[in-house]
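What follows is a single structure, written as structure tokens, with notes after it.
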Amino acid sequence: MKVLLALALLGLGGLLGLGIAGLWPRPEPQDPEPVARAWGVANAVAAVVLGVRLWDTLFEVLVYVVAMVGVRFFLGGLRWRGELPPVAETPLLRRAADLLLGPILVFALYLAASGHLGPGGGFPAGALLGSALLLLALAKGVERLSQELYEPRLESLEYLAVALLLFLGAVVLIFLVRAPAAFIAANLLIALEVAIGAWAVLHRFASARGEV
Amino acid sequence: MVAVLLSALAFALALFALTRKRLLWGVIGVGAHSLVLAGLYLVLAAPDVALTEAAVGFGLVTFVYLLALRRTGKLVVAASPLYPLLYPEGERIAGLEWEILARFARWCHRDLEVIWVPRAEIPRLVRSGEAHLGAGGFLPNAEPDLRYTRTLVPTRLVRVRGGEGPLGAVAGEPSPPQLDGEKKLFEDAAELAKALARGEVGSALTDLLHLREWVMRDLFPEAEVQVFPEELGFAFALNPEDEELWAGLEEFLAELERRGELAELVRRYLE
Amino acid sequence: MESLSALALAVALALLGLWVLVGRRNLVWKLLGLNVASGGSILFLVALSHRPGARPPILGLGPGPAADALPQALVLTAIVIHFATLALALALVILLTERRHTQDSRKLEEEEG
């Protein structure tokens, strides 16, 4: 067993070394400026993510949605029977949620809307939104918040966001639209989709009687 | 220079996290490691990646781990103390059932947690899923939505008569058919014993093990004891929907019985 | 210097993560190892995009060479996907623990027969 383990690690390390050796001498990195200019945005990474390699991003979003559906499916059968044991409510958490929620939401929106100009974009914005929702949930009680948010509507909103994103992607790909507006819309949609998915996952993990 | 320092820190954190024994430390260490990595990405002129790593790799991933670990493989046991079976001994917990449960928890890789509750509370907790098991001198009654394991320790019902007055019993415990009438119910055996000592009830319905505890504490030296012939036994109570846990516990108990360890344990604690 | 130390760290992290992934028997520890290994591979790509004295690939940050945007863009999606697959894997581990009462990979394999 130990020998097999050592062999496997040796093989993997060898592959890694081979890969590194192939990178030597390192290729000259491409200048990102032409790409950014061609797509009319300032952030070259955004130009690559939502422009040159839009296909990648669309399929990545699909993978994300499928994974979230999987989590819902697998943890759906593990809901608590009867009453959920209450989450400890602390005044500190309540105050923190009151104070931090607004700034976090604004910052997340800013990140999503300005992703084409500077660092940011839909993914971190969505993750921030999801964490903010979890913070709120810990302060208010998970089940109460999930009732207020009404999960099925949230879920359909997520699928709507994905559909819109796919539609937008199709428009960009077919008509070769190159406008910052498309970037802003795509980033906002991605943020919405990631946030709802993250909330669904965190909510499921918080309320399933699962034990790791 | 900053990059070298951050690299060293990131590696040290990863090494720290992955060599821990406790999972919680691993998760916290990997979270801190992700944060340092985010700083490193910033130094390496990748602010987009740094932001995403901080929000997703540090924030969401750590959250998911922590939420999943929230009840780190716990086996929650709702129990009322009973001296040789399951009882607190200073800071520790000891007893026959404790030893069985501790071994079972090791067997299925879970941490054991005992919450002390009155006997009458146990069925509700087990039914709602707040506790996985009911134990600690749990005498099976005809409670419809509970499931029991095999009998661990056989016992019989007894009536302890101290004087004139109503009959007292513990809520939820079985009673012999000839005593089906009105009873004064108490939350657990300790309350019942106190009431009997105060003369609030004239006699108390309990079982041999509780009687043994009372006799050892020299509580009712002059009481008259009547033993009922029905065979009963202490067992663990489970939620009937928790099919796997029941099967696992039964398998474990069968194994103990087959190897004669169950009998050995009973002898050690009860003789 | 910067990217060299980062490359070395990336390789070290990948090996460390793989070691834990293969060597530990608890499934959650394996996932943590995978987490670290994925961090290593991400760092590897980011370190490749860097060159000495480079600025972030954003216009208007002054003269000088800029870091390559392509690896950074690739890595961005990898991080999010890693979160998604991790959540799915943890859900499966929870389900396994609920059904089989063990997270020990060897025990699970033995039970499979």
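Following the order of the structure tokens, chains are lettered A, B, ..., residues in each are numbered from 1, and ligands are numbered from 1.
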Shell of 7 Å around range 25-28 of chain B, only C-alpha atoms, local chain residues under 4 positions omitted, as a PyMOL selection string: chain B and resi 17-18+20+32+62+65
Write out, as a Markdown table, each residue of chain B that has an atom at most 7 Å from chain A, together with the closest pair of atoms and their distance in Å to one decimal, counting only C-alpha atoms, rows going by chain and rising number.
| residue | atom | partner | partner_atom | distance |
| --- | --- | --- | --- | --- |
| B:Pro47 | CA | A:Pro119 | CA | 5.7 |
| B:Asp48 | CA | A:Pro119 | CA | 4.7 |
| B:Leu51 | CA | A:Pro124 | CA | 6.3 |
| B:Thr52 | CA | A:Pro124 | CA | 4.7 |
| B:Ala55 | CA | A:Pro124 | CA | 5.4 |
| B:Val56 | CA | A:Ala127 | CA | 5.7 |
| B:Leu60 | CA | A:Ala127 | CA | 6.7 |
| B:Val64 | CA | A:Leu202 | CA | 6.2 |
| B:Leu67 | CA | A:Ala206 | CA | 5.7 |
| B:Ala68 | CA | A:Phe205 | CA | 5.9 |
| B:Leu69 | CA | A:Val212 | CA | 5.6 |
| B:Arg71 | CA | A:Glu211 | CA | 6.0 |
| B:Thr72 | CA | A:Val212 | CA | 5.7 |
| B:Gly73 | CA | A:Glu211 | CA | 4.9 |
| B:Ser128 | CA | A:Gly82 | CA | 5.3 |
| B:Gly129 | CA | A:Arg81 | CA | 6.4 |
| B:Glu130 | CA | A:Pro85 | CA | 6.7 |
Test item, strand (DSSP E) assignment across range 24-89 of chain B, answer as a ChimeraX atom specification: /B:74-79,87-89
All residues 12 Å or closer to Ala12 in chain C, only C-alpha atoms, same chain fewer than 5 positions away omitted, as a list of chain:residue names: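 The residues that qualify are A:Gly13, A:Leu16, A:Gly17, B:Ser7, B:Ala8, B:Ala10, B:Phe11, B:Ala12, B:Ala14, B:Leu15, C:Ser5, C:Ala6, C:Leu7, C:Gly17, C:Leu18, C:Trp19, C:Val36, C:Ala37, C:Ser38, C:Gly39, C:Gly40, C:Ser41, C:Leu43, C:Phe44.
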Sort by chain and increasing residue number a table of all residues of chain A within 7 Å of chain C, each with its closest pair of atoms and their distance in Å to one decimal, counting only C-alpha atoms, and write it as a tab-separated table.
residue	atom	partner	partner_atom	distance
A:Leu5	CA	C:Val22	CA	6.9
A:Leu9	CA	C:Trp19	CA	6.9
A:Gly13	CA	C:Leu15	CA	6.8
A:Pro29	CA	C:Asp68	CA	5.4
A:Gln30	CA	C:Asp68	CA	5.6
A:Asp31	CA	C:Asp68	CA	6.4
A:Pro32	CA	C:Ala69	CA	5.8
A:Glu33	CA	C:Leu59	CA	6.8
A:Ala42	CA	C:Leu59	CA	4.9
A:Asn43	CA	C:Ile58	CA	4.5
A:Ala44	CA	C:Pro57	CA	5.6
A:Val45	CA	C:Ala69	CA	5.1
A:Val48	CA	C:Ala73	CA	6.2
A:Val49	CA	C:Ala73	CA	5.5
A:Glu60	CA	C:Thr77	CA	6.8
A:Tyr64	CA	C:Ala84	CA	5.7
A:Ala67	CA	C:Ala84	CA	5.8
A:Met68	CA	C:Ala84	CA	6.8
A:Gly70	CA	C:Leu88	CA	6.4
A:Val71	CA	C:Leu88	CA	5.3
A:Phe74	CA	C:Ala91	CA	6.4
A:Leu75	CA	C:Ala91	CA	6.3
A:Gly118	CA	C:Ile58	CA	6.6
A:Gly210	CA	C:Ile94	CA	5.4
A:Glu211	CA	C:Ile94	CA	5.6
A:Val212	CA	C:Ile94	CA	5.3
Selected residues written out, N, CA and C atoms, as an mmCIF file, in the first residue's frame:
data_model
loop_
_atom_site.group_PDB
_atom_site.id
_atom_site.type_symbol
_atom_site.label_atom_id
_atom_site.label_comp_id
_atom_site.auth_asym_id
_atom_site.auth_seq_id
_atom_site.Cartn_x
_atom_site.Cartn_y
_atom_site.Cartn_z
ATOM 1 N N LEU A 5 1.423 4.065 -2.854
ATOM 2 C CA LEU A 5 1.230 5.488 -2.574
ATOM 3 C C LEU A 5 2.444 6.284 -3.038
ATOM 4 N N LEU A 9 2.572 9.111 -5.979
ATOM 5 C CA LEU A 9 3.054 10.473 -5.751
ATOM 6 C C LEU A 9 4.232 10.790 -6.659
ATOM 7 N N GLY A 13 4.333 13.727 -9.241
ATOM 8 C CA GLY A 13 5.394 14.716 -9.165
ATOM 9 C C GLY A 13 6.175 14.774 -10.464
ATOM 10 N N PRO A 29 5.085 36.626 -22.180
ATOM 11 C CA PRO A 29 3.644 36.820 -21.990
ATOM 12 C C PRO A 29 3.096 37.812 -23.011
ATOM 13 N N GLN A 30 1.873 37.566 -23.396
ATOM 14 C CA GLN A 30 1.246 38.451 -24.367
ATOM 15 C C GLN A 30 0.898 39.782 -23.729
ATOM 16 N N ASP A 31 1.001 40.823 -24.497
ATOM 17 C CA ASP A 31 0.589 42.123 -23.994
ATOM 18 C C ASP A 31 -0.936 42.189 -23.996
ATOM 19 N N PRO A 32 -1.566 42.427 -22.858
ATOM 20 C CA PRO A 32 -3.030 42.374 -22.798
ATOM 21 C C PRO A 32 -3.700 43.612 -23.377
ATOM 22 N N GLU A 33 -2.902 44.641 -23.680
ATOM 23 C CA GLU A 33 -3.539 45.911 -24.030
ATOM 24 C C GLU A 33 -4.410 45.832 -25.284
ATOM 25 N N ALA A 42 -11.486 48.474 -19.942
ATOM 26 C CA ALA A 42 -10.169 48.770 -19.373
ATOM 27 C C ALA A 42 -9.530 47.533 -18.769
ATOM 28 N N ASN A 43 -10.341 46.621 -18.235
ATOM 29 C CA ASN A 43 -9.806 45.447 -17.557
ATOM 30 C C ASN A 43 -9.631 44.314 -18.559
ATOM 31 N N ALA A 44 -8.362 43.983 -18.839
ATOM 32 C CA ALA A 44 -8.099 42.969 -19.859
ATOM 33 C C ALA A 44 -8.627 41.596 -19.430
ATOM 34 N N VAL A 45 -8.604 41.319 -18.107
ATOM 35 C CA VAL A 45 -9.114 40.024 -17.641
ATOM 36 C C VAL A 45 -10.607 39.907 -17.952
ATOM 37 N N VAL A 48 -11.100 39.111 -21.489
ATOM 38 C CA VAL A 48 -10.886 37.707 -21.834
ATOM 39 C C VAL A 48 -12.050 36.855 -21.327
ATOM 40 N N VAL A 49 -12.459 37.088 -20.063
ATOM 41 C CA VAL A 49 -13.493 36.230 -19.474
ATOM 42 C C VAL A 49 -14.809 36.369 -20.219
ATOM 43 N N GLU A 60 -18.929 27.374 -17.821
ATOM 44 C CA GLU A 60 -18.581 27.341 -16.410
ATOM 45 C C GLU A 60 -19.806 27.650 -15.554
ATOM 46 N N TYR A 64 -21.597 25.343 -12.750
ATOM 47 C CA TYR A 64 -21.944 25.851 -11.419
ATOM 48 C C TYR A 64 -23.403 25.543 -11.104
ATOM 49 N N ALA A 67 -23.935 21.887 -10.435
ATOM 50 C CA ALA A 67 -23.433 21.490 -9.115
ATOM 51 C C ALA A 67 -24.399 21.923 -8.015
ATOM 52 N N MET A 68 -24.941 23.131 -8.150
ATOM 53 C CA MET A 68 -25.884 23.612 -7.131
ATOM 54 C C MET A 68 -27.155 22.765 -7.112
ATOM 55 N N GLY A 70 -27.234 19.707 -7.890
ATOM 56 C CA GLY A 70 -26.828 18.463 -7.243
ATOM 57 C C GLY A 70 -26.871 18.583 -5.732
ATOM 58 N N VAL A 71 -26.354 19.679 -5.213
ATOM 59 C CA VAL A 71 -26.359 19.867 -3.758
ATOM 60 C C VAL A 71 -27.787 19.885 -3.240
ATOM 61 N N PHE A 74 -29.131 16.275 -3.303
ATOM 62 C CA PHE A 74 -28.591 15.317 -2.337
ATOM 63 C C PHE A 74 -28.943 15.687 -0.907
ATOM 64 N N LEU A 75 -28.968 16.970 -0.620
ATOM 65 C CA LEU A 75 -29.261 17.358 0.764
ATOM 66 C C LEU A 75 -30.757 17.554 0.991
ATOM 67 N N GLY A 118 -12.142 47.780 -13.656
ATOM 68 C CA GLY A 118 -11.054 47.463 -12.746
ATOM 69 C C GLY A 118 -11.254 46.078 -12.185
ATOM 70 N N GLY A 210 -27.286 17.055 8.256
ATOM 71 C CA GLY A 210 -26.098 16.349 7.797
ATOM 72 C C GLY A 210 -24.983 16.443 8.806
ATOM 73 N N GLU A 211 -24.160 15.438 8.813
ATOM 74 C CA GLU A 211 -23.025 15.442 9.720
ATOM 75 C C GLU A 211 -21.823 14.952 8.959
ATOM 76 N N VAL A 212 -20.786 15.740 9.065
ATOM 77 C CA VAL A 212 -19.560 15.302 8.410
ATOM 78 C C VAL A 212 -18.612 14.801 9.475
#
Selected residue, from B:Arg92, B:Lys21, B:Arg147, B:Arg259, that lies nearest to chain C when counting only C-alpha atoms: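 Residue with the minimum atom-to-atom distance to chain C: B:Lys21.
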